[in-house]
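Text of upload-v2.tsv (TSV, C-alpha atoms and all ligand atoms) as supplied:
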chain	number	residue	atom	x	y	z
A	107	MET	CA	-45.14	-134.33	54.50
A	108	ASN	CA	-43.39	-131.48	52.69
A	109	THR	CA	-44.19	-130.74	49.06
A	110	LEU	CA	-42.27	-128.85	46.43
A	111	LYS	CA	-44.07	-128.16	43.17
A	112	ILE	CA	-42.02	-126.77	40.32
A	113	ASP	CA	-44.05	-125.54	37.39
A	114	LYS	CA	-42.71	-124.62	33.93
A	115	LEU	CA	-39.46	-122.99	35.07
A	116	THR	CA	-37.41	-121.30	32.38
A	117	LYS	CA	-34.14	-119.39	32.47
A	118	THR	CA	-32.03	-118.01	29.63
A	119	TYR	CA	-28.75	-116.39	30.66
A	120	ALA	CA	-27.63	-113.09	29.12
A	121	ASN	CA	-25.21	-115.03	26.85
A	122	GLY	CA	-28.16	-116.92	25.31
A	123	VAL	CA	-27.64	-120.25	27.17
A	124	LYS	CA	-30.99	-121.86	27.91
A	125	ALA	CA	-30.26	-123.33	31.33
A	126	MET	CA	-33.89	-124.27	32.15
A	127	GLN	CA	-36.56	-124.97	29.57
A	128	ASN	CA	-40.05	-125.57	30.90
A	129	ILE	CA	-39.03	-127.71	33.88
A	130	SER	CA	-41.92	-129.13	35.95
A	131	LEU	CA	-41.50	-131.52	38.90
A	132	GLU	CA	-43.33	-132.56	42.06
A	133	ILE	CA	-41.18	-133.60	44.98
A	134	GLY	CA	-42.10	-134.99	48.42
A	135	ASN	CA	-40.13	-136.21	51.45
A	136	GLY	CA	-37.20	-138.50	50.65
A	137	ILE	CA	-34.09	-138.10	48.51
A	138	PHE	CA	-34.76	-136.84	45.01
A	139	GLY	CA	-31.87	-137.45	42.59
A	140	LEU	CA	-31.05	-134.97	39.86
A	141	LEU	CA	-28.84	-136.49	37.18
A	142	GLY	CA	-27.34	-134.79	34.16
A	143	PRO	CA	-24.01	-134.15	32.45
A	144	ASN	CA	-21.88	-131.06	33.07
A	145	GLY	CA	-23.73	-127.94	32.11
A	146	ALA	CA	-27.15	-129.64	32.06
A	147	GLY	CA	-28.66	-126.96	34.28
A	148	LYS	CA	-28.66	-128.77	37.64
A	149	SER	CA	-27.00	-125.98	39.61
A	150	THR	CA	-29.22	-123.36	37.96
A	151	LEU	CA	-32.31	-125.31	39.02
A	152	MET	CA	-31.02	-125.76	42.57
A	153	ARG	CA	-29.98	-122.15	42.99
A	154	THR	CA	-33.43	-121.13	41.75
A	155	ILE	CA	-35.18	-123.43	44.24
A	156	ALA	CA	-32.95	-122.04	46.99
A	157	GLY	CA	-34.10	-118.51	46.09
A	158	LEU	CA	-30.55	-117.44	45.14
A	159	GLN	CA	-31.59	-116.51	41.63
A	160	GLN	CA	-34.85	-115.76	39.83
A	161	PRO	CA	-36.26	-117.74	36.88
A	162	ASP	CA	-37.46	-115.85	33.78
A	163	SER	CA	-40.84	-117.52	34.23
A	164	GLY	CA	-42.51	-120.37	36.10
A	165	GLN	CA	-43.56	-121.08	39.65
A	166	ILE	CA	-42.10	-122.82	42.69
A	167	ILE	CA	-44.61	-123.70	45.37
A	168	PHE	CA	-43.17	-124.98	48.65
A	169	ASN	CA	-45.72	-126.27	51.17
A	170	GLY	CA	-48.33	-124.10	49.49
A	171	ALA	CA	-46.26	-120.88	49.40
A	172	ASP	CA	-45.09	-119.14	46.21
A	173	VAL	CA	-41.33	-118.89	46.78
A	174	VAL	CA	-40.43	-117.19	43.49
A	175	ALA	CA	-42.50	-114.22	44.60
A	176	GLU	CA	-41.20	-114.45	48.18
A	177	PRO	CA	-37.89	-116.35	48.43
A	178	VAL	CA	-37.78	-115.76	52.18
A	179	LEU	CA	-40.58	-118.32	52.58
A	180	ILE	CA	-38.26	-121.11	51.48
A	181	LYS	CA	-35.01	-119.66	52.89
A	182	GLN	CA	-36.35	-120.03	56.43
A	183	HIS	CA	-36.78	-123.77	55.90
A	184	LEU	CA	-33.84	-124.48	53.65
A	185	GLY	CA	-30.44	-126.10	54.19
A	186	TYR	CA	-27.98	-125.70	51.31
A	187	LEU	CA	-24.75	-127.56	50.71
A	188	PRO	CA	-23.29	-125.92	47.60
A	189	GLN	CA	-20.89	-127.63	45.18
A	190	ASP	CA	-18.02	-125.65	46.58
A	191	PHE	CA	-18.38	-124.59	50.17
A	192	GLY	CA	-15.60	-122.09	49.60
A	193	VAL	CA	-13.20	-120.98	52.31
A	194	TYR	CA	-12.56	-123.16	55.32
A	195	PRO	CA	-11.33	-120.79	57.98
A	196	LYS	CA	-8.92	-121.62	60.79
A	197	VAL	CA	-11.66	-121.71	63.37
A	198	SER	CA	-13.01	-124.76	65.11
A	199	ALA	CA	-16.05	-126.61	63.79
A	200	TYR	CA	-17.94	-125.71	66.94
A	201	ASP	CA	-17.22	-121.98	66.64
A	202	LEU	CA	-18.02	-121.90	62.93
A	203	LEU	CA	-21.36	-123.64	63.52
A	204	GLU	CA	-22.09	-121.19	66.32
A	205	HIS	CA	-21.42	-118.29	63.94
A	206	LEU	CA	-23.59	-119.82	61.17
A	207	ALA	CA	-26.39	-120.60	63.63
A	208	VAL	CA	-26.53	-116.93	64.62
A	209	LEU	CA	-26.67	-115.97	60.92
A	210	LYS	CA	-29.51	-118.46	60.45
A	211	GLY	CA	-31.44	-116.61	63.10
A	212	ILE	CA	-31.33	-119.11	65.97
A	213	THR	CA	-31.47	-116.48	68.68
A	214	SER	CA	-31.44	-118.58	71.85
A	215	ALA	CA	-27.86	-119.44	72.97
A	216	LYS	CA	-29.13	-122.58	74.72
A	217	GLU	CA	-30.91	-123.79	71.59
A	218	ARG	CA	-27.82	-123.10	69.45
A	219	LYS	CA	-25.61	-125.11	71.78
A	220	GLU	CA	-28.03	-128.05	71.88
A	221	GLN	CA	-28.45	-128.11	68.10
A	222	ILE	CA	-24.74	-127.79	67.39
A	223	LEU	CA	-23.77	-130.60	69.76
A	224	ALA	CA	-26.49	-132.85	68.35
A	225	LEU	CA	-25.38	-132.13	64.78
A	226	LEU	CA	-21.71	-132.74	65.58
A	227	GLU	CA	-22.79	-136.08	67.03
A	228	LYS	CA	-24.95	-136.93	64.02
A	229	THR	CA	-22.23	-136.10	61.50
A	230	ASN	CA	-19.64	-137.98	63.52
A	231	LEU	CA	-17.54	-134.88	64.12
A	232	TYR	CA	-18.05	-134.56	67.87
A	233	ALA	CA	-14.55	-135.81	68.70
A	234	HIS	CA	-13.11	-133.25	66.27
A	235	ARG	CA	-15.33	-130.33	67.29
A	236	ASN	CA	-12.47	-128.21	68.61
A	237	LYS	CA	-10.20	-128.73	65.58
A	238	ALA	CA	-9.97	-126.12	62.83
A	239	VAL	CA	-12.26	-126.88	59.90
A	240	SER	CA	-9.32	-126.01	57.61
A	241	SER	CA	-7.48	-129.10	58.95
A	242	TYR	CA	-10.37	-131.49	58.10
A	243	SER	CA	-10.14	-134.21	55.42
A	244	GLY	CA	-12.45	-134.01	52.37
A	245	GLY	CA	-14.98	-136.37	53.94
A	246	MET	CA	-15.00	-134.47	57.23
A	247	ARG	CA	-15.53	-131.18	55.38
A	248	GLN	CA	-18.51	-132.62	53.54
A	249	ARG	CA	-19.99	-133.89	56.80
A	250	PHE	CA	-19.39	-130.45	58.28
A	251	GLY	CA	-21.26	-129.11	55.24
A	252	VAL	CA	-24.19	-131.33	56.15
A	253	ALA	CA	-24.06	-130.18	59.78
A	254	GLN	CA	-24.28	-126.51	58.74
A	255	ALA	CA	-27.06	-127.31	56.24
A	256	LEU	CA	-29.08	-128.94	59.04
A	257	LEU	CA	-28.88	-125.95	61.40
A	258	GLY	CA	-32.35	-124.63	62.13
A	259	ASN	CA	-34.06	-127.98	61.32
A	260	PRO	CA	-34.75	-127.31	57.62
A	261	HIS	CA	-37.64	-128.99	55.78
A	262	ILE	CA	-35.79	-128.99	52.49
A	263	ILE	CA	-32.10	-129.65	51.93
A	264	ILE	CA	-30.26	-129.10	48.67
A	265	VAL	CA	-26.94	-130.83	48.09
A	266	ASP	CA	-24.94	-130.12	44.94
A	267	GLU	CA	-22.53	-132.93	43.98
A	268	PRO	CA	-21.59	-133.68	47.57
A	269	THR	CA	-19.40	-136.74	47.08
A	270	ALA	CA	-17.04	-135.32	44.43
A	271	GLY	CA	-13.48	-135.94	45.60
A	272	LEU	CA	-14.40	-138.32	48.43
A	273	ASP	CA	-12.80	-141.77	48.73
A	274	PRO	CA	-15.17	-144.79	48.68
A	275	GLU	CA	-15.34	-145.12	52.46
A	276	GLU	CA	-16.04	-141.40	52.98
A	277	ARG	CA	-18.64	-141.49	50.23
A	278	ASN	CA	-20.38	-144.43	51.85
A	279	ARG	CA	-20.45	-142.71	55.20
A	280	PHE	CA	-21.78	-139.52	53.65
A	281	ASN	CA	-24.51	-141.41	51.75
A	282	ASN	CA	-25.60	-143.20	54.92
A	283	LEU	CA	-25.94	-139.86	56.64
A	284	LEU	CA	-28.07	-138.45	53.80
A	285	SER	CA	-30.26	-141.51	53.78
A	286	GLU	CA	-30.89	-141.20	57.52
A	287	ILE	CA	-31.84	-137.52	57.22
A	288	GLY	CA	-34.00	-138.03	54.11
A	289	GLU	CA	-36.81	-139.80	55.91
A	290	GLN	CA	-38.24	-136.61	57.43
A	291	VAL	CA	-37.46	-133.92	54.86
A	292	ILE	CA	-37.05	-133.26	51.16
A	293	ILE	CA	-33.47	-133.72	49.99
A	294	ILE	CA	-32.56	-132.78	46.45
A	295	LEU	CA	-29.30	-134.40	45.47
A	296	SER	CA	-27.53	-133.31	42.31
A	297	THR	CA	-24.85	-135.70	41.14
A	298	HIS	CA	-23.02	-137.29	38.22
A	299	LEU	CA	-22.97	-140.61	40.06
A	300	VAL	CA	-25.74	-142.82	38.78
A	301	GLU	CA	-24.90	-145.44	41.39
A	302	ASP	CA	-25.54	-142.98	44.23
A	303	VAL	CA	-28.96	-142.17	42.79
A	304	HIS	CA	-29.81	-145.86	42.59
A	305	ASN	CA	-28.69	-146.49	46.16
A	306	LEU	CA	-30.32	-143.45	47.75
A	307	CYS	CA	-33.21	-142.04	45.78
A	308	THR	CA	-36.89	-142.92	45.68
A	309	GLN	CA	-37.51	-140.46	42.83
A	310	MET	CA	-35.21	-139.01	40.22
A	311	ALA	CA	-35.03	-136.74	37.20
A	312	ILE	CA	-32.63	-136.66	34.28
A	313	ILE	CA	-31.96	-133.27	32.74
A	314	ASN	CA	-29.84	-132.23	29.79
A	315	LYS	CA	-29.38	-128.88	28.03
A	316	GLY	CA	-31.90	-127.32	30.37
A	317	SER	CA	-34.68	-129.80	29.54
A	318	LEU	CA	-36.27	-132.50	31.64
A	319	LEU	CA	-35.77	-135.82	29.84
A	320	ALA	CA	-37.36	-138.16	32.37
A	321	TYR	CA	-38.74	-138.13	35.88
A	322	GLY	CA	-40.01	-140.95	38.11
A	323	GLU	CA	-38.87	-143.94	40.16
A	324	PRO	CA	-35.46	-145.45	39.35
A	325	ASP	CA	-36.80	-149.03	39.40
A	326	THR	CA	-39.68	-148.19	37.06
A	327	PHE	CA	-37.20	-146.82	34.51
A	328	ILE	CA	-35.05	-149.92	34.82
A	329	ASN	CA	-38.06	-152.22	34.31
A	330	GLN	CA	-39.02	-150.28	31.19
A	331	LEU	CA	-35.67	-151.20	29.62
A	332	GLU	CA	-36.02	-154.91	30.40
A	333	GLY	CA	-35.30	-156.95	27.25
A	334	ARG	CA	-33.95	-153.95	25.32
A	335	ILE	CA	-30.32	-153.60	26.38
A	336	TRP	CA	-27.77	-155.79	24.61
A	337	SER	CA	-24.02	-155.92	25.04
A	338	GLN	CA	-20.83	-157.42	23.72
A	339	THR	CA	-17.10	-156.84	23.87
A	340	ILE	CA	-15.59	-155.52	20.67
A	341	ASP	CA	-12.30	-154.37	19.22
A	342	ARG	CA	-11.78	-150.66	19.46
A	343	ALA	CA	-11.35	-150.38	15.68
A	344	ASP	CA	-14.85	-151.76	15.06
A	345	LEU	CA	-16.63	-149.13	17.16
A	346	PRO	CA	-17.47	-146.73	14.28
A	347	THR	CA	-19.13	-149.58	12.35
A	348	PHE	CA	-21.20	-150.60	15.38
A	349	ARG	CA	-22.22	-146.99	15.90
A	350	GLU	CA	-23.50	-146.84	12.34
A	351	GLN	CA	-25.52	-150.03	12.64
A	352	TYR	CA	-26.89	-149.87	16.18
A	353	GLN	CA	-28.12	-147.40	18.77
A	354	VAL	CA	-25.00	-147.55	20.92
A	355	ILE	CA	-25.87	-146.00	24.28
A	356	SER	CA	-22.59	-146.54	26.11
A	357	VAL	CA	-19.05	-147.74	25.62
A	358	GLN	CA	-17.14	-148.95	28.65
A	359	LEU	CA	-13.72	-150.40	29.16
A	360	HIS	CA	-13.80	-153.93	30.46
A	361	ALA	CA	-10.45	-155.60	31.23
A	362	GLY	CA	-8.81	-153.32	28.65
A	363	ARG	CA	-11.35	-154.10	25.87
A	364	GLN	CA	-14.42	-152.17	24.91
A	365	SER	CA	-17.81	-153.33	26.02
A	366	ILE	CA	-20.71	-151.69	24.21
A	367	HIS	CA	-24.32	-151.47	25.28
A	368	VAL	CA	-26.92	-151.00	22.57
A	369	TYR	CA	-30.63	-150.27	22.71
A	370	ALA	CA	-32.74	-152.55	20.50
A	371	GLU	CA	-36.36	-153.63	20.83
A	372	ASN	CA	-35.65	-156.89	18.99
A	373	GLU	CA	-32.68	-159.20	19.24
A	374	PRO	CA	-29.88	-157.59	17.22
A	375	GLY	CA	-27.99	-160.90	16.57
A	376	ASN	CA	-24.37	-160.44	15.51
A	377	GLY	CA	-22.95	-161.66	18.83
A	378	PHE	CA	-24.98	-159.45	21.17
A	379	ALA	CA	-26.22	-160.88	24.48
A	380	LEU	CA	-29.19	-159.58	26.43
A	381	ARG	CA	-28.19	-157.86	29.64
A	382	GLN	CA	-30.01	-156.95	32.80
A	383	PRO	CA	-30.46	-153.19	32.51
A	384	ASP	CA	-29.23	-150.94	35.30
A	385	LEU	CA	-29.73	-147.26	36.07
A	386	GLU	CA	-26.67	-146.33	34.06
A	387	ASP	CA	-28.36	-147.84	30.99
A	388	VAL	CA	-31.45	-145.77	31.80
A	389	TYR	CA	-29.33	-142.64	32.02
A	390	PHE	CA	-27.43	-143.21	28.79
A	391	ALA	CA	-30.54	-144.38	26.94
A	392	GLN	CA	-32.28	-141.13	27.92
A	393	LEU	CA	-29.30	-139.04	26.86
A	394	TYR	CA	-28.34	-140.79	23.63
A	395	HIS	CA	-31.11	-143.05	22.42
A	396	THR	CA	-32.98	-141.24	19.68
A	397	LYS	CA	-36.66	-141.97	20.18
B	401	LIG	N1	-24.23	-116.95	35.35
B	401	LIG	C1	-24.21	-117.56	34.17
B	401	LIG	N2	-24.13	-116.85	33.03
B	401	LIG	C2	-24.13	-117.45	31.82
B	401	LIG	N3	-24.19	-118.79	31.63
B	401	LIG	C3	-24.28	-119.55	32.73
B	401	LIG	C4	-24.28	-118.99	34.06
B	401	LIG	N4	-24.37	-120.00	34.96
B	401	LIG	C5	-24.41	-121.14	34.24
B	401	LIG	N5	-24.36	-120.88	32.91
B	401	LIG	C6	-24.45	-121.86	31.80
B	401	LIG	O1	-25.71	-122.50	31.91
B	401	LIG	C7	-25.62	-123.88	31.64
B	401	LIG	C8	-26.11	-124.67	32.85
B	401	LIG	O2	-25.17	-124.48	33.93
B	401	LIG	P1	-25.32	-125.17	35.36
B	401	LIG	O3	-24.18	-124.73	36.19
B	401	LIG	O4	-26.69	-124.93	35.84
B	401	LIG	O5	-25.17	-126.71	34.96
B	401	LIG	P2	-24.84	-127.99	35.86
B	401	LIG	O6	-25.73	-129.07	35.35
B	401	LIG	O7	-24.96	-127.65	37.29
B	401	LIG	O8	-23.36	-128.28	35.49
B	401	LIG	P3	-22.14	-128.78	36.43
B	401	LIG	O9	-22.44	-130.20	36.72
B	401	LIG	O10	-20.97	-128.57	35.52
B	401	LIG	O11	-22.15	-127.89	37.65
B	401	LIG	C9	-24.17	-124.13	31.28
B	401	LIG	O12	-24.06	-124.10	29.88
B	401	LIG	C10	-23.43	-122.97	31.92
B	401	LIG	O13	-22.26	-122.67	31.19

Translate this file's structure into structure tokens.
Ligand SMILES: Nc1ncnc2c1ncn2[C@@H]1O[C@H](COP(=O)(O)OP(=O)(O)OP(=O)(O)O)[C@@H](O)[C@H]1O
Amino acid sequence: MNTLKIDKLTKTYANGVKAMQNISLEIGNGIFGLLGPNGAGKSTLMRTIAGLQQPDSGQIIFNGADVVAEPVLIKQHLGYLPQDFGVYPKVSAYDLLEHLAVLKGITSAKERKEQILALLEKTNLYAHRNKAVSSYSGGMRQRFGVAQALLGNPHIIIVDEPTAGLDPEERNRFNNLLSEIGEQVIIILSTHLVEDVHNLCTQMAIINKGSLLAYGEPDTFINQLEGRIWSQTIDRADLPTFREQYQVISVQLHAGRQSIHVYAENEPGNGFALRQPDLEDVYFAQLYHTK
């Protein structure tokens, strides 16, 4: 079992933005979901874990080793799939993996070949191994991203919004791949997609404005909202009035009309019906429900 212990991390950028404020988490094997709106601080946290930037204060202990003091101790065991993988050169997937494997320090040519072929198989790219990565579809590029992240058999894998821009079938395929890998290692998945977190993650955290709002099991959060989420469909013009009277946590379009979800510990009356909470309600309640 791998363990990652994050203790009281803080980071304020030179422009005054507080991107991490006292973040503490404990993460074990499995897929850990990191949810938060744009600018919440997800990428800052992940880059810090990956040893690509230093926090102002706080500790990161990976399998007992202090990786803020010595980032190399996590880099050896880390696979990273950044939000934007950057340039896709006109070289074949096989050759690019070979190049990256050398950079990762896999010195034996035989071992490189075995790993690369196994990873191409695993990510379903074997048949396309001799095609240029630049000619790949979005889904294939993301799976290539996973293949390169898995080089060197990492114990911790960080993936930053991996399914952005993928169609539903590609996203499904990608998620299945992550879920298969997640049994043996720590995967930290940053995403805007609440549904992906519900489908994939055993543990999750919600962060906003650099602060940790909640952290635990998705189903536990959902159970805590049982009996407290109410909904109804309203006319658009009435929304401001509802916002004044209730703790509106989300507004969604439903068949062209607006469906609102409100948080209330007692039955609000006025046409509201109790609804079975889902993880999206958890997310919005954490972000917008004033406790
Ligand atoms: N190098 C930097 N210098 C100054 N401010 C920064 C820097 N990097 C990020 N920020 C700011 O810090 C905050 C957190 O950014 P971060 O990229 O960590 O958020 P995020 O949750 O990953 O957002 P997104 O989902 O948009 O990638 C934002 O307000 C961002 O503008």

(request) Measuring atom to atom with only C-alpha atoms, identify which of A:Gly333, A:Ala270, A:Thr213, A:Glu276 is nearest to Ser243 of chain A. (result)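 That would be A:Glu276, the residue with the smallest distance to Ser243 of chain A.
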
Residues of segment 231-281 of chain A at most 10 Å from segment 300-310 of chain A: nearest atom pair and distance in Å, only C-alpha atoms, as a Markdown table:
| residue | atom | partner | partner_atom | distance |
| --- | --- | --- | --- | --- |
| A:Thr269 | CA | A:Asp302 | CA | 9.2 |
| A:Arg277 | CA | A:Asp302 | CA | 9.3 |
| A:Asn278 | CA | A:Asp302 | CA | 9.3 |
| A:Asn281 | CA | A:Leu306 | CA | 7.3 |

At most 12 Å is the cut-off: for each residue in segment 343-397 of chain A with any atom that close to an atom of segment 334-337 of chain A, write down the nearest atom pair and the distance in Å rounded to one decimal, counting all atoms listed in the file, chain first then increasing number, as a Markdown table.
| residue | atom | partner | partner_atom | distance |
| --- | --- | --- | --- | --- |
| A:Phe348 | CA | A:Ser337 | CA | 11.4 |
| A:Tyr352 | CA | A:Trp336 | CA | 10.3 |
| A:Gln353 | CA | A:Ile335 | CA | 10.1 |
| A:Val354 | CA | A:Ser337 | CA | 9.4 |
| A:Ile355 | CA | A:Ile335 | CA | 9.1 |
| A:Ser356 | CA | A:Ser337 | CA | 9.5 |
| A:Val357 | CA | A:Ser337 | CA | 9.6 |
| A:Gln358 | CA | A:Ser337 | CA | 10.4 |
| A:His360 | CA | A:Ser337 | CA | 11.7 |
| A:Gln364 | CA | A:Ser337 | CA | 10.3 |
| A:Ser365 | CA | A:Ser337 | CA | 6.8 |
| A:Ile366 | CA | A:Ser337 | CA | 5.4 |
| A:His367 | CA | A:Ser337 | CA | 4.5 |
| A:Val368 | CA | A:Trp336 | CA | 5.3 |
| A:Tyr369 | CA | A:Ile335 | CA | 5.0 |
| A:Ala370 | CA | A:Arg334 | CA | 5.2 |
| A:Glu371 | CA | A:Arg334 | CA | 5.1 |
| A:Asn372 | CA | A:Arg334 | CA | 7.2 |
| A:Glu373 | CA | A:Trp336 | CA | 8.0 |
| A:Pro374 | CA | A:Trp336 | CA | 7.9 |
| A:Gly375 | CA | A:Trp336 | CA | 9.5 |
| A:Asn376 | CA | A:Ser337 | CA | 10.6 |
| A:Gly377 | CA | A:Ser337 | CA | 8.5 |
| A:Phe378 | CA | A:Ser337 | CA | 5.3 |
| A:Ala379 | CA | A:Trp336 | CA | 5.3 |
| A:Leu380 | CA | A:Trp336 | CA | 4.4 |
| A:Arg381 | CA | A:Trp336 | CA | 5.5 |
| A:Gln382 | CA | A:Ile335 | CA | 7.2 |
| A:Pro383 | CA | A:Ile335 | CA | 6.1 |
| A:Asp384 | CA | A:Ile335 | CA | 9.4 |
| A:Leu385 | CA | A:Ile335 | CA | 11.6 |
| A:Glu386 | CA | A:Ile335 | CA | 11.2 |
| A:Asp387 | CA | A:Ile335 | CA | 7.6 |
| A:Val388 | CA | A:Ile335 | CA | 9.6 |
| A:Phe390 | CA | A:Ile335 | CA | 11.1 |
| A:Ala391 | CA | A:Ile335 | CA | 9.2 |
| A:His395 | CA | A:Ile335 | CA | 11.3 |

(message) Give me the residues near segment 134-144 of chain A as a ChimeraX atom specification, where near means some atom within 6 Å (using all atoms listed in the file) and where sequence neighbours in that chain fewer than 4 positions away do not count.
(response) /A:108-109,288-289,291-298,303,307,309-314

(request) Check the smallest atom-to-atom distance from each of A:Asn169, A:Ser317, A:Gln392, A:Thr229 to ligand LIG 401 (chain B) using only C-alpha atoms and all ligand atoms, then report the winner. (result) A:Ser317

(request) Pick out the residues no farther than 10 Å from ligand LIG 401 (chain B), counting all atoms listed in the file, and list them as a PyMOL selection string. (result) chain A and resi 117-126+140-154+159+189+266-267+296-298+313-316
